[in-house]
Amino acid sequence: MFSRGLFLRGPRLERLPHFRADFEPSGAGDELQSELILPREHAVEALRALFAIGERIRPVLHISEVRTVAADDLWLSPFHGRDSVGVHFTWIKDPEGVRPVLELVEETLAPFEPRPHWGKLFTRWPSCPERFRSLAARLDPEGKFANDFTRRLLGE
């Protein structure tokens, strides 16, 4: 069932690489990506929920990955204050086909307190911590460093 290579010792980058140095990634970057970060304690239940909608996901999916990340103390980090599991999706380059599936994935994972990776696709906006909103208002009262993304995030 599993490749014997998964059980051999060696550097992680040789055993479980995100992208192999000697291989061109799927479509050479010609794809869409999203990642939802969940509290680690919800991982098993959340993955079961995703498997239940697998037939809807599969037609627009290249590959999916699951990773764990320790909690941090960065206010805007999706890992802030909680040990987490990230469920990553690399989608085919078909925004119209991917959007309804991404919305379904987000809806399916909603009970598990997901936070999106902000550098990837998402449709549900997380709430911005009040202390960050206050800091932004104090340090940039005229919004000179704001853009459409930050204005939406900050609820402006």
# chains A, B, ... in the order shown; residues from 1 in each chain; ligands from 1
$ select_by_dssp --residues "range 119-154 of chain A" --states "helix (DSSP H, G or I)" --output "JSON, numbers by chain"
{"A": [130, 131, 132, 133, 134, 135, 136, 137, 138, 139, 148, 149, 150, 151, 152, 153]}
$ write_last_selection --atoms "N, CA, C and O atoms" --output "JSON list (two decimals), in the first residue's frame"
[["chain", "number", "residue", "atom", "x", "y", "z"],
["A", 130, "GLU", "N", -9.19, 42.63, 17.54],
["A", 130, "GLU", "CA", -9.41, 44.03, 17.91],
["A", 130, "GLU", "C", -8.10, 44.74, 18.22],
["A", 130, "GLU", "O", -7.90, 45.90, 17.87],
["A", 131, "ARG", "N", -7.16, 44.06, 18.87],
["A", 131, "ARG", "CA", -5.90, 44.72, 19.22],
["A", 131, "ARG", "C", -5.10, 45.09, 17.96],
["A", 131, "ARG", "O", -4.41, 46.09, 17.93],
["A", 132, "PHE", "N", -5.23, 44.28, 16.89],
["A", 132, "PHE", "CA", -4.56, 44.66, 15.64],
["A", 132, "PHE", "C", -5.28, 45.84, 14.99],
["A", 132, "PHE", "O", -4.66, 46.77, 14.49],
["A", 133, "ARG", "N", -6.60, 45.80, 15.02],
["A", 133, "ARG", "CA", -7.39, 46.91, 14.46],
["A", 133, "ARG", "C", -7.03, 48.22, 15.15],
["A", 133, "ARG", "O", -6.83, 49.25, 14.51],
["A", 134, "SER", "N", -6.88, 48.20, 16.47],
["A", 134, "SER", "CA", -6.51, 49.39, 17.24],
["A", 134, "SER", "C", -5.10, 49.85, 16.90],
["A", 134, "SER", "O", -4.84, 51.04, 16.76],
["A", 135, "LEU", "N", -4.19, 48.90, 16.77],
["A", 135, "LEU", "CA", -2.81, 49.23, 16.42],
["A", 135, "LEU", "C", -2.74, 49.87, 15.03],
["A", 135, "LEU", "O", -2.07, 50.89, 14.85],
["A", 136, "ALA", "N", -3.46, 49.30, 14.07],
["A", 136, "ALA", "CA", -3.47, 49.87, 12.72],
["A", 136, "ALA", "C", -4.04, 51.29, 12.73],
["A", 136, "ALA", "O", -3.51, 52.18, 12.07],
["A", 137, "ALA", "N", -5.11, 51.50, 13.48],
["A", 137, "ALA", "CA", -5.72, 52.84, 13.56],
["A", 137, "ALA", "C", -4.76, 53.84, 14.19],
["A", 137, "ALA", "O", -4.69, 55.00, 13.77],
["A", 138, "ARG", "N", -4.00, 53.40, 15.19],
["A", 138, "ARG", "CA", -3.07, 54.30, 15.87],
["A", 138, "ARG", "C", -1.85, 54.62, 15.01],
["A", 138, "ARG", "O", -1.42, 55.76, 14.90],
["A", 139, "LEU", "N", -1.29, 53.60, 14.34],
["A", 139, "LEU", "CA", -0.06, 53.80, 13.58],
["A", 139, "LEU", "C", -0.28, 54.29, 12.16],
["A", 139, "LEU", "O", 0.62, 54.85, 11.56],
["A", 148, "ASP", "N", -7.17, 47.27, -0.56],
["A", 148, "ASP", "CA", -8.50, 46.66, -0.54],
["A", 148, "ASP", "C", -8.56, 45.49, 0.45],
["A", 148, "ASP", "O", -9.54, 45.31, 1.16],
["A", 149, "PHE", "N", -7.49, 44.68, 0.48],
["A", 149, "PHE", "CA", -7.45, 43.51, 1.38],
["A", 149, "PHE", "C", -7.51, 43.94, 2.83],
["A", 149, "PHE", "O", -8.34, 43.46, 3.60],
["A", 150, "THR", "N", -6.65, 44.89, 3.22],
["A", 150, "THR", "CA", -6.62, 45.28, 4.64],
["A", 150, "THR", "C", -7.88, 46.03, 5.04],
["A", 150, "THR", "O", -8.35, 45.89, 6.17],
["A", 151, "ARG", "N", -8.44, 46.83, 4.13],
["A", 151, "ARG", "CA", -9.69, 47.53, 4.46],
["A", 151, "ARG", "C", -10.81, 46.51, 4.71],
["A", 151, "ARG", "O", -11.60, 46.65, 5.64],
["A", 152, "ARG", "N", -10.87, 45.48, 3.90],
["A", 152, "ARG", "CA", -11.90, 44.46, 4.10],
["A", 152, "ARG", "C", -11.64, 43.69, 5.39],
["A", 152, "ARG", "O", -12.55, 43.42, 6.16],
["A", 153, "LEU", "N", -10.39, 43.37, 5.65],
["A", 153, "LEU", "CA", -10.02, 42.64, 6.85],
["A", 153, "LEU", "C", -10.36, 43.44, 8.11],
["A", 153, "LEU", "O", -10.88, 42.91, 9.08]]
$ select_by_dssp --residues "range 31-76 of chain A" --states "strand (DSSP E)" --output "PyMOL selection string"
chain A and resi 32-39+61-69
$ closest_atom_pairs --of "range 81-140 of chain A" --to "range 32-38 of chain A" --cutoff "7 Å" --atoms "only C-alpha atoms" --output "tab-separated table"
residue	atom	partner	partner_atom	distance
A:Ser84	CA	A:Leu38	CA	5.4
A:Val85	CA	A:Leu38	CA	5.3
A:Gly86	CA	A:Ile37	CA	4.2
A:Val87	CA	A:Leu36	CA	5.4
A:His88	CA	A:Glu35	CA	4.1
A:Phe89	CA	A:Ser34	CA	5.3
A:Thr90	CA	A:Gln33	CA	4.5
A:Trp91	CA	A:Leu32	CA	4.9
A:Ile92	CA	A:Leu32	CA	6.2
A:Lys93	CA	A:Leu32	CA	5.7
A:Phe112	CA	A:Leu38	CA	6.4
A:Glu113	CA	A:Leu38	CA	6.0
A:Pro114	CA	A:Leu38	CA	4.7
A:Arg115	CA	A:Ile37	CA	5.0
A:Pro116	CA	A:Leu36	CA	4.6
A:His117	CA	A:Glu35	CA	5.4
A:Lys120	CA	A:Ser34	CA	4.8
A:Leu121	CA	A:Ser34	CA	4.7
A:Phe122	CA	A:Ser34	CA	6.4
$ closest_residue --among "A:Ala146, A:Val98, A:Ala110, A:Leu154" --to "Arg58 in chain A" --atoms "only C-alpha atoms"
A:Val98
$ residues_around --residues "Arg56 in chain A" --least-positions-apart "3" --cutoff "9 Å" --atoms "only C-alpha atoms" --output "list in words"
Ile53, Pro59, Val60, Val101 and Leu104 of chain A
$ write_last_selection --atoms "all heavy atoms" --output "compact mmCIF listing (two decimals), in the first residue's frame"
# COMPACT_ATOMS: atom_id res chain seq x y z
N ILE A 53 -17.09 14.76 1.36
CA ILE A 53 -17.40 15.56 0.16
C ILE A 53 -16.33 15.37 -0.91
O ILE A 53 -16.24 16.14 -1.87
CB ILE A 53 -17.57 17.06 0.50
CG1 ILE A 53 -16.29 17.64 1.10
CG2 ILE A 53 -18.78 17.27 1.41
CD1 ILE A 53 -16.29 19.16 1.19
N PRO A 59 -12.78 16.52 -8.80
CA PRO A 59 -12.65 16.98 -10.19
C PRO A 59 -11.80 18.25 -10.39
O PRO A 59 -11.30 18.48 -11.49
CB PRO A 59 -14.10 17.24 -10.62
CG PRO A 59 -14.93 16.39 -9.72
CD PRO A 59 -14.18 16.37 -8.40
N VAL A 60 -11.64 19.07 -9.34
CA VAL A 60 -10.87 20.31 -9.51
C VAL A 60 -9.59 20.32 -8.68
O VAL A 60 -8.94 21.36 -8.55
CB VAL A 60 -11.75 21.56 -9.18
CG1 VAL A 60 -12.86 21.72 -10.21
CG2 VAL A 60 -12.29 21.50 -7.78
N VAL A 101 -16.48 24.85 -5.15
CA VAL A 101 -15.91 23.75 -4.36
C VAL A 101 -15.19 24.31 -3.14
O VAL A 101 -15.33 23.79 -2.03
CB VAL A 101 -14.98 22.87 -5.22
CG1 VAL A 101 -14.31 21.80 -4.38
CG2 VAL A 101 -15.76 22.25 -6.38
N LEU A 104 -17.72 25.21 -0.66
CA LEU A 104 -18.21 24.00 0.00
C LEU A 104 -17.21 23.51 1.05
O LEU A 104 -17.59 23.15 2.16
CB LEU A 104 -18.46 22.90 -1.03
CG LEU A 104 -18.84 21.53 -0.47
CD1 LEU A 104 -20.16 21.60 0.31
CD2 LEU A 104 -18.92 20.51 -1.60
$ atom_distance --atom1 "CA of Gly119 in chain A" --atom2 "CA of Pro78 in chain A"
11.0 Å
$ closest_residue --among "A:Leu76, A:Ala49, A:Ile57, A:Val44" --to "Arg99 in chain A" --atoms "only C-alpha atoms"
A:Ile57
$ atom_distance --atom1 "CA of Thr123 in chain A" --atom2 "CA of Glu103 in chain A"
6.6 Å
$ atom_distance --atom1 "CA of Glu106 in chain A" --atom2 "CA of Pro126 in chain A"
11.5 Å
